[in-house]
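Here's my_file.pdb, which has PDB, C-alpha atoms:
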```
ATOM      1  CA  MET A 529     -91.710  35.712 -40.193  1.00  0.00           C
ATOM      2  CA  LEU A 530     -89.342  34.391 -42.805  1.00  0.00           C
ATOM      3  CA  ARG A 531     -88.346  30.776 -43.091  1.00  0.00           C
ATOM      4  CA  ARG A 532     -84.860  29.833 -41.909  1.00  0.00           C
ATOM      5  CA  ALA A 533     -83.575  29.179 -45.442  1.00  0.00           C
ATOM      6  CA  SER A 534     -84.841  32.591 -46.578  1.00  0.00           C
ATOM      7  CA  ARG A 535     -83.169  34.331 -43.659  1.00  0.00           C
ATOM      8  CA  LEU A 536     -79.864  32.548 -44.304  1.00  0.00           C
ATOM      9  CA  SER A 537     -79.913  33.372 -48.016  1.00  0.00           C
ATOM     10  CA  LEU A 538     -80.727  36.997 -47.182  1.00  0.00           C
ATOM     11  CA  TRP A 539     -77.770  37.214 -44.788  1.00  0.00           C
ATOM     12  CA  PHE A 540     -75.504  35.540 -47.379  1.00  0.00           C
ATOM     13  CA  MET A 541     -76.525  37.981 -50.128  1.00  0.00           C
ATOM     14  CA  ALA A 542     -76.268  40.994 -47.829  1.00  0.00           C
ATOM     15  CA  ALA A 543     -72.780  39.933 -46.728  1.00  0.00           C
ATOM     16  CA  GLY A 544     -71.720  39.349 -50.338  1.00  0.00           C
ATOM     17  CA  LEU A 545     -73.035  42.726 -51.459  1.00  0.00           C
ATOM     18  CA  ILE A 546     -71.399  44.532 -48.557  1.00  0.00           C
ATOM     19  CA  VAL A 547     -68.023  42.817 -48.981  1.00  0.00           C
ATOM     20  CA  THR A 548     -67.881  43.310 -52.753  1.00  0.00           C
ATOM     21  CA  GLY A 549     -69.204  46.875 -52.479  1.00  0.00           C
ATOM     22  CA  LEU A 550     -66.590  47.837 -49.898  1.00  0.00           C
ATOM     23  CA  ALA A 551     -63.905  46.143 -52.002  1.00  0.00           C
ATOM     24  CA  LEU A 552     -64.984  48.183 -55.029  1.00  0.00           C
ATOM     25  CA  TRP A 553     -64.883  51.341 -52.952  1.00  0.00           C
ATOM     26  CA  TRP A 554     -61.404  50.470 -51.660  1.00  0.00           C
ATOM     27  CA  MET A 555     -60.109  49.661 -55.181  1.00  0.00           C
ATOM     28  CA  ARG A 556     -61.427  52.823 -56.831  1.00  0.00           C
ATOM     29  CA  PRO A 557     -58.808  55.066 -58.472  1.00  0.00           C
ATOM     30  CA  ALA A 558     -57.876  58.158 -56.468  1.00  0.00           C
ATOM     31  CA  THR A 559     -57.868  60.339 -59.593  1.00  0.00           C
ATOM     32  CA  PRO A 560     -59.411  59.909 -63.044  1.00  0.00           C
ATOM     33  CA  ASP A 561     -55.898  59.627 -64.531  1.00  0.00           C
ATOM     34  CA  GLU A 562     -54.980  56.478 -62.568  1.00  0.00           C
ATOM     35  CA  PHE A 563     -55.476  52.999 -63.927  1.00  0.00           C
ATOM     36  CA  PRO A 564     -58.181  50.916 -62.220  1.00  0.00           C
ATOM     37  CA  HIS A 565     -57.215  48.058 -59.935  1.00  0.00           C
ATOM     38  CA  PRO A 566     -56.778  44.753 -61.813  1.00  0.00           C
ATOM     39  CA  TRP A 567     -59.551  43.063 -59.805  1.00  0.00           C
ATOM     40  CA  THR A 568     -62.132  45.816 -60.303  1.00  0.00           C
ATOM     41  CA  GLY A 569     -63.819  43.997 -63.192  1.00  0.00           C
ATOM     42  CA  ALA A 570     -64.074  40.751 -61.229  1.00  0.00           C
ATOM     43  CA  MET A 571     -65.440  42.546 -58.162  1.00  0.00           C
ATOM     44  CA  ARG A 572     -68.048  44.312 -60.282  1.00  0.00           C
ATOM     45  CA  ALA A 573     -69.059  40.952 -61.751  1.00  0.00           C
ATOM     46  CA  TRP A 574     -69.405  39.416 -58.278  1.00  0.00           C
ATOM     47  CA  HIS A 575     -71.285  42.479 -57.008  1.00  0.00           C
ATOM     48  CA  GLY A 576     -73.673  42.177 -59.967  1.00  0.00           C
ATOM     49  CA  ALA A 577     -74.112  38.433 -59.385  1.00  0.00           C
ATOM     50  CA  PHE A 578     -74.983  39.006 -55.739  1.00  0.00           C
ATOM     51  CA  MET A 579     -77.373  41.761 -56.812  1.00  0.00           C
ATOM     52  CA  MET A 580     -79.171  39.484 -59.292  1.00  0.00           C
ATOM     53  CA  ALA A 581     -79.689  36.931 -56.524  1.00  0.00           C
ATOM     54  CA  ALA A 582     -80.770  39.714 -54.174  1.00  0.00           C
ATOM     55  CA  LEU A 583     -83.380  40.888 -56.706  1.00  0.00           C
ATOM     56  CA  VAL A 584     -84.924  37.425 -56.677  1.00  0.00           C
ATOM     57  CA  GLN A 585     -84.868  37.480 -52.866  1.00  0.00           C
ATOM     58  CA  PHE A 586     -86.366  40.994 -52.901  1.00  0.00           C
ATOM     59  CA  GLY A 587     -89.294  39.768 -55.003  1.00  0.00           C
ATOM     60  CA  TYR A 588     -89.931  36.985 -52.507  1.00  0.00           C
ATOM     61  CA  MET A 589     -89.604  39.426 -49.589  1.00  0.00           C
ATOM     62  CA  LEU A 590     -91.982  41.865 -51.240  1.00  0.00           C
ATOM     63  CA  ALA A 591     -94.715  39.251 -51.470  1.00  0.00           C
ATOM     64  CA  GLU A 592     -94.151  37.364 -48.213  1.00  0.00           C
ATOM     65  CA  HIS A 593     -92.723  39.872 -45.779  1.00  0.00           C
ATOM     66  CA  ILE A 594     -93.124  43.483 -46.900  1.00  0.00           C
ATOM     67  CA  ALA A 595     -96.611  43.686 -48.416  1.00  0.00           C
ATOM     68  CA  PRO A 596     -98.468  42.251 -45.385  1.00  0.00           C
ATOM     69  CA  ARG A 597     -96.768  44.796 -43.096  1.00  0.00           C
ATOM     70  CA  LEU A 598     -97.157  47.952 -45.190  1.00  0.00           C
ATOM     71  CA  ARG A 599    -100.546  48.803 -43.705  1.00  0.00           C
ATOM     72  CA  ALA A 600     -98.999  49.114 -40.252  1.00  0.00           C
ATOM     73  CA  TRP A 601     -96.149  51.324 -41.497  1.00  0.00           C
ATOM     74  CA  ARG A 602     -96.212  53.546 -38.390  1.00  0.00           C
ATOM     75  CA  ARG A 603     -95.395  50.574 -36.183  1.00  0.00           C
ATOM     76  CA  ASN A 604     -92.922  49.164 -38.716  1.00  0.00           C
ATOM     77  CA  TRP A 605     -91.024  52.383 -39.460  1.00  0.00           C
ATOM     78  CA  ASP A 606     -87.728  50.522 -39.619  1.00  0.00           C
ATOM     79  CA  GLY A 607     -89.083  48.211 -42.318  1.00  0.00           C
ATOM     80  CA  LEU A 608     -90.301  51.182 -44.347  1.00  0.00           C
ATOM     81  CA  LEU A 609     -86.897  52.857 -44.090  1.00  0.00           C
ATOM     82  CA  HIS A 610     -85.309  49.552 -45.065  1.00  0.00           C
ATOM     83  CA  LEU A 611     -87.517  49.397 -48.171  1.00  0.00           C
ATOM     84  CA  VAL A 612     -86.647  52.985 -49.135  1.00  0.00           C
ATOM     85  CA  LEU A 613     -82.922  52.247 -48.827  1.00  0.00           C
ATOM     86  CA  TRP A 614     -83.250  49.120 -51.008  1.00  0.00           C
ATOM     87  CA  LEU A 615     -85.131  51.108 -53.651  1.00  0.00           C
ATOM     88  CA  LEU A 616     -82.556  53.898 -53.519  1.00  0.00           C
ATOM     89  CA  LEU A 617     -79.790  51.329 -53.976  1.00  0.00           C
ATOM     90  CA  GLY A 618     -81.572  49.816 -56.962  1.00  0.00           C
ATOM     91  CA  ILE A 619     -82.185  53.166 -58.644  1.00  0.00           C
ATOM     92  CA  SER A 620     -78.668  54.468 -58.010  1.00  0.00           C
ATOM     93  CA  GLY A 621     -77.186  51.150 -59.186  1.00  0.00           C
ATOM     94  CA  PHE A 622     -79.182  51.460 -62.402  1.00  0.00           C
ATOM     95  CA  PHE A 623     -77.783  54.947 -62.992  1.00  0.00           C
ATOM     96  CA  LEU A 624     -74.266  53.707 -62.237  1.00  0.00           C
ATOM     97  CA  TYR A 625     -74.640  51.046 -64.907  1.00  0.00           C
ATOM     98  CA  TYR A 626     -76.400  53.373 -67.381  1.00  0.00           C
ATOM     99  CA  PRO A 627     -74.898  56.771 -66.519  1.00  0.00           C
ATOM    100  CA  SER A 628     -76.684  60.034 -67.225  1.00  0.00           C
ATOM    101  CA  GLU A 629     -74.466  63.116 -67.617  1.00  0.00           C
ATOM    102  CA  ALA A 630     -77.142  65.576 -66.502  1.00  0.00           C
ATOM    103  CA  LEU A 631     -78.161  63.570 -63.444  1.00  0.00           C
ATOM    104  CA  ASP A 632     -74.566  62.851 -62.426  1.00  0.00           C
ATOM    105  CA  ALA A 633     -73.733  66.564 -62.522  1.00  0.00           C
ATOM    106  CA  LEU A 634     -76.690  67.271 -60.232  1.00  0.00           C
ATOM    107  CA  LEU A 635     -76.192  64.357 -57.861  1.00  0.00           C
ATOM    108  CA  PRO A 636     -73.196  61.984 -58.072  1.00  0.00           C
ATOM    109  CA  MET A 637     -74.755  58.527 -58.183  1.00  0.00           C
ATOM    110  CA  GLY A 638     -71.627  56.816 -56.885  1.00  0.00           C
ATOM    111  CA  ASP A 639     -71.873  58.805 -53.657  1.00  0.00           C
ATOM    112  CA  VAL A 640     -75.614  58.165 -53.355  1.00  0.00           C
ATOM    113  CA  HIS A 641     -75.083  54.434 -53.936  1.00  0.00           C
ATOM    114  CA  LEU A 642     -72.259  54.292 -51.400  1.00  0.00           C
ATOM    115  CA  ALA A 643     -74.231  56.201 -48.750  1.00  0.00           C
ATOM    116  CA  ALA A 644     -77.359  54.079 -49.247  1.00  0.00           C
ATOM    117  CA  GLY A 645     -75.323  50.865 -49.183  1.00  0.00           C
ATOM    118  CA  CYS A 646     -73.490  51.814 -45.998  1.00  0.00           C
ATOM    119  CA  GLY A 647     -76.758  52.954 -44.436  1.00  0.00           C
ATOM    120  CA  LEU A 648     -78.407  49.662 -45.288  1.00  0.00           C
ATOM    121  CA  GLY A 649     -75.427  47.698 -43.999  1.00  0.00           C
ATOM    122  CA  LEU A 650     -75.610  49.554 -40.691  1.00  0.00           C
ATOM    123  CA  PHE A 651     -79.391  49.555 -40.513  1.00  0.00           C
ATOM    124  CA  PHE A 652     -80.028  45.877 -41.323  1.00  0.00           C
ATOM    125  CA  PRO A 653     -78.865  44.598 -37.888  1.00  0.00           C
ATOM    126  CA  LEU A 654     -81.094  47.198 -36.187  1.00  0.00           C
ATOM    127  CA  HIS A 655     -84.090  45.978 -38.183  1.00  0.00           C
ATOM    128  CA  VAL A 656     -83.377  42.366 -37.214  1.00  0.00           C
ATOM    129  CA  GLY A 657     -82.677  43.369 -33.604  1.00  0.00           C
ATOM    130  CA  ARG A 658     -86.070  45.067 -33.283  1.00  0.00           C
ATOM    131  CA  TRP A 659     -87.709  41.902 -34.609  1.00  0.00           C
ATOM    132  CA  LEU A 660     -85.804  39.752 -32.096  1.00  0.00           C
ATOM    133  CA  LYS A 661     -86.828  42.073 -29.258  1.00  0.00           C
ATOM    134  CA  ARG A 662     -90.520  41.897 -30.258  1.00  0.00           C
ATOM    135  CA  ARG A 663     -90.266  38.118 -30.598  1.00  0.00           C
ATOM    136  CA  ARG A 664     -88.623  37.735 -27.175  1.00  0.00           C
ATOM    137  CA  ARG A 665     -91.235  39.996 -25.585  1.00  0.00           C
ATOM    138  CA  ALA A 666     -94.058  37.979 -27.155  1.00  0.00           C
ATOM    139  CA  ARG A 667     -92.664  34.782 -25.615  1.00  0.00           C
ATOM    140  CA  LEU A 668     -92.573  36.222 -22.073  1.00  0.00           C
ATOM    141  CA  PRO A 669     -95.351  35.084 -19.745  1.00  0.00           C
ATOM    142  CA  VAL A 670     -98.111  37.641 -19.175  1.00  0.00           C
ATOM    143  CA  LEU A 671     -96.957  38.231 -15.598  1.00  0.00           C
ATOM    144  CA  PHE A 672     -93.502  39.407 -16.743  1.00  0.00           C
ATOM    145  CA  ARG A 673     -94.622  41.305 -19.833  1.00  0.00           C
ATOM    146  CA  SER A 674     -95.820  44.401 -17.975  1.00  0.00           C
ATOM    147  CA  ALA A 675     -92.704  44.492 -15.827  1.00  0.00           C
ATOM    148  CA  SER A 676     -90.402  44.306 -18.836  1.00  0.00           C
ATOM    149  CA  ARG A 677     -92.221  47.208 -20.513  1.00  0.00           C
ATOM    150  CA  GLY A 678     -91.623  49.320 -17.468  1.00  0.00           C
ATOM    151  CA  LEU A 679     -87.907  48.623 -17.599  1.00  0.00           C
ATOM    152  CA  ASP A 680     -87.583  49.304 -21.325  1.00  0.00           C
ATOM    153  CA  GLY A 681     -89.312  52.645 -21.133  1.00  0.00           C
TER     154      GLY A 681
END
```
Target format structure tokens, applied to this file:
Amino acid sequence: MLRRASRLSLWFMAAGLIVTGLALWWMRPATPDEFPHPWTGAMRAWHGAFMMAALVQFGYMLAEHIAPRLRAWRRNWDGLLHLVLWLLLGISGFFLYYPSEALDALLPMGDVHLAAGCGLGLFFPLHVGRWLKRRRRARLPVLFRSASRGLDG
């Protein structure tokens, strides 16, 4: 379990990355001939700043939260998928910053980055919700635990 300050900073960075990422997507030019939006540079700077903070948080999460749970990956499938999406975002973000002509022709990194970011933004509440459900079930008295499993399926 993460400390409260770690959880709050994670939510803050995730919200910042999602908001700036969606703003960048909304401000993108419709065609290559159009001029970029005047705030695109500032939004990229903020997106990069949130990402730098998120990389520090990711290092902490890797040591304190992810590594102890990797052995039970079958039970923590949502955490493993979460990790894969974060890695995909990092790799695609790298190739957006340092573009490769051959790789971009094969697989457009902007689309991969957008899909992974939206997937992570939608999947993060599910990951937290599963944790809250397990935590609530662990706090139930033993008498009610078997009854609640029967209701949940």
Mind giving me the straight-line distance from CA of Gly569 in chain A to CA of Leu642 in chain A in Å, one decimal?
-> 17.8 Å
Using the chain letters and numbering of this document, enumerate as an MDAnalysis selection string the residues selected by the PyMOL selection byres ((chain A and resi 572) around 12).
-> chainID A and resid 544:545 547:553 555:556 565:571 573:579 621 624:625
Written file, previous selection with C-alpha atoms, as a PDB file, in the frame of the given file:
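What ended up in again_1.pdb:
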```pdb
ATOM      1  CA  GLY A 544     -71.720  39.349 -50.338  1.00  0.00           C
ATOM      2  CA  LEU A 545     -73.035  42.726 -51.459  1.00  0.00           C
ATOM      3  CA  VAL A 547     -68.023  42.817 -48.981  1.00  0.00           C
ATOM      4  CA  THR A 548     -67.881  43.310 -52.753  1.00  0.00           C
ATOM      5  CA  GLY A 549     -69.204  46.875 -52.479  1.00  0.00           C
ATOM      6  CA  LEU A 550     -66.590  47.837 -49.898  1.00  0.00           C
ATOM      7  CA  ALA A 551     -63.905  46.143 -52.002  1.00  0.00           C
ATOM      8  CA  LEU A 552     -64.984  48.183 -55.029  1.00  0.00           C
ATOM      9  CA  TRP A 553     -64.883  51.341 -52.952  1.00  0.00           C
ATOM     10  CA  MET A 555     -60.109  49.661 -55.181  1.00  0.00           C
ATOM     11  CA  ARG A 556     -61.427  52.823 -56.831  1.00  0.00           C
ATOM     12  CA  HIS A 565     -57.215  48.058 -59.935  1.00  0.00           C
ATOM     13  CA  PRO A 566     -56.778  44.753 -61.813  1.00  0.00           C
ATOM     14  CA  TRP A 567     -59.551  43.063 -59.805  1.00  0.00           C
ATOM     15  CA  THR A 568     -62.132  45.816 -60.303  1.00  0.00           C
ATOM     16  CA  GLY A 569     -63.819  43.997 -63.192  1.00  0.00           C
ATOM     17  CA  ALA A 570     -64.074  40.751 -61.229  1.00  0.00           C
ATOM     18  CA  MET A 571     -65.440  42.546 -58.162  1.00  0.00           C
ATOM     19  CA  ALA A 573     -69.059  40.952 -61.751  1.00  0.00           C
ATOM     20  CA  TRP A 574     -69.405  39.416 -58.278  1.00  0.00           C
ATOM     21  CA  HIS A 575     -71.285  42.479 -57.008  1.00  0.00           C
ATOM     22  CA  GLY A 576     -73.673  42.177 -59.967  1.00  0.00           C
ATOM     23  CA  ALA A 577     -74.112  38.433 -59.385  1.00  0.00           C
ATOM     24  CA  PHE A 578     -74.983  39.006 -55.739  1.00  0.00           C
ATOM     25  CA  MET A 579     -77.373  41.761 -56.812  1.00  0.00           C
ATOM     26  CA  GLY A 621     -77.186  51.150 -59.186  1.00  0.00           C
ATOM     27  CA  LEU A 624     -74.266  53.707 -62.237  1.00  0.00           C
ATOM     28  CA  TYR A 625     -74.640  51.046 -64.907  1.00  0.00           C
TER      29      TYR A 625
END
```
Determine, counting all atoms listed in the file, which protein, DNA and RNA residues have an atom within 12 Å of an atom of Leu590 in chain A; residues of the same chain fewer than 3 positions away are not included. Present the result as number ranges by chain.
-> A: 530, 582-587, 593-598, 607-608, 610-611, 614-615
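For the atom pair formed by CA of Arg603 in chain A and CA of Phe652 in chain A, the distance is 16.9 Å, given to one decimal.
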Could you please give me, as a list in words, the residues of protein, DNA or RNA lying at most 12 Å from (-92.2, 43.3, -33.0) in the coordinate frame of the file, considering all atoms listed in the file?
-> Met529, Arg597, Ala600, Arg603, Asn604, Trp605, Asp606, Gly607, His655, Val656, Gly657, Arg658, Trp659, Leu660, Lys661, Arg662, Arg663, Arg664, Arg665, Ala666 and Arg667 of chain A
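The space separating CA of Asp639 in chain A from CA of Leu536 in chain A comes to 29.0 Å.
Considering only C-alpha atoms, the residue among A:Ala542, A:Leu631, A:Leu617, A:Ala591 positioned nearest to Ala643 in chain A is A:Leu617.
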To test the calculation: enclose all listed atoms of range 596-606 of chain A in a box whose edges run along x, y and z, add 8 Å on each side, then state centre and edge lengths in Å to one decimal, as AutoDock Vina command-line options.
```
--center_x -94.1 --center_y 47.9 --center_z -40.8 --size_x 28.8 --size_y 27.3 --size_z 25.2
```
Shell around Phe623 in chain A at 12 Å using only C-alpha atoms, local window under 3 positions removed, as a ChimeraX atom specification | /A:616-620,626-632,635-641
How about completing range 634-649 of chain A with N, CA and C atoms and giving it to me as a PDB file, in the coordinates of the input?
```pdb
ATOM      1  N   LEU A 634     -75.817  66.794 -61.312  1.00  0.00           N
ATOM      2  CA  LEU A 634     -76.690  67.271 -60.232  1.00  0.00           C
ATOM      3  C   LEU A 634     -76.439  66.514 -58.939  1.00  0.00           C
ATOM      4  N   LEU A 635     -76.331  65.209 -59.037  1.00  0.00           N
ATOM      5  CA  LEU A 635     -76.192  64.357 -57.861  1.00  0.00           C
ATOM      6  C   LEU A 635     -75.301  63.169 -58.230  1.00  0.00           C
ATOM      7  N   PRO A 636     -74.084  63.095 -57.703  1.00  0.00           N
ATOM      8  CA  PRO A 636     -73.196  61.984 -58.072  1.00  0.00           C
ATOM      9  C   PRO A 636     -73.764  60.646 -57.582  1.00  0.00           C
ATOM     10  N   MET A 637     -74.106  59.793 -58.519  1.00  0.00           N
ATOM     11  CA  MET A 637     -74.755  58.527 -58.183  1.00  0.00           C
ATOM     12  C   MET A 637     -73.842  57.584 -57.414  1.00  0.00           C
ATOM     13  N   GLY A 638     -72.551  57.653 -57.649  1.00  0.00           N
ATOM     14  CA  GLY A 638     -71.627  56.816 -56.885  1.00  0.00           C
ATOM     15  C   GLY A 638     -71.690  57.111 -55.398  1.00  0.00           C
ATOM     16  N   ASP A 639     -71.783  58.410 -55.064  1.00  0.00           N
ATOM     17  CA  ASP A 639     -71.873  58.805 -53.657  1.00  0.00           C
ATOM     18  C   ASP A 639     -73.211  58.404 -53.058  1.00  0.00           C
ATOM     19  N   VAL A 640     -74.284  58.563 -53.835  1.00  0.00           N
ATOM     20  CA  VAL A 640     -75.614  58.165 -53.355  1.00  0.00           C
ATOM     21  C   VAL A 640     -75.649  56.657 -53.111  1.00  0.00           C
ATOM     22  N   HIS A 641     -75.087  55.891 -54.049  1.00  0.00           N
ATOM     23  CA  HIS A 641     -75.083  54.434 -53.936  1.00  0.00           C
ATOM     24  C   HIS A 641     -74.247  53.992 -52.730  1.00  0.00           C
ATOM     25  N   LEU A 642     -73.112  54.621 -52.538  1.00  0.00           N
ATOM     26  CA  LEU A 642     -72.259  54.292 -51.400  1.00  0.00           C
ATOM     27  C   LEU A 642     -72.946  54.621 -50.078  1.00  0.00           C
ATOM     28  N   ALA A 643     -73.560  55.801 -49.993  1.00  0.00           N
ATOM     29  CA  ALA A 643     -74.231  56.201 -48.750  1.00  0.00           C
ATOM     30  C   ALA A 643     -75.422  55.286 -48.448  1.00  0.00           C
ATOM     31  N   ALA A 644     -76.211  54.963 -49.467  1.00  0.00           N
ATOM     32  CA  ALA A 644     -77.359  54.079 -49.247  1.00  0.00           C
ATOM     33  C   ALA A 644     -76.902  52.672 -48.876  1.00  0.00           C
ATOM     34  N   GLY A 645     -75.837  52.193 -49.507  1.00  0.00           N
ATOM     35  CA  GLY A 645     -75.323  50.865 -49.183  1.00  0.00           C
ATOM     36  C   GLY A 645     -74.768  50.785 -47.773  1.00  0.00           C
ATOM     37  N   CYS A 646     -74.008  51.795 -47.372  1.00  0.00           N
ATOM     38  CA  CYS A 646     -73.490  51.814 -45.998  1.00  0.00           C
ATOM     39  C   CYS A 646     -74.623  51.969 -44.990  1.00  0.00           C
ATOM     40  N   GLY A 647     -75.603  52.807 -45.328  1.00  0.00           N
ATOM     41  CA  GLY A 647     -76.758  52.954 -44.436  1.00  0.00           C
ATOM     42  C   GLY A 647     -77.516  51.655 -44.275  1.00  0.00           C
ATOM     43  N   LEU A 648     -77.704  50.939 -45.358  1.00  0.00           N
ATOM     44  CA  LEU A 648     -78.407  49.662 -45.288  1.00  0.00           C
ATOM     45  C   LEU A 648     -77.589  48.635 -44.516  1.00  0.00           C
ATOM     46  N   GLY A 649     -76.278  48.626 -44.736  1.00  0.00           N
ATOM     47  CA  GLY A 649     -75.427  47.698 -43.999  1.00  0.00           C
ATOM     48  C   GLY A 649     -75.430  47.957 -42.506  1.00  0.00           C
TER      49      GLY A 649
END
```
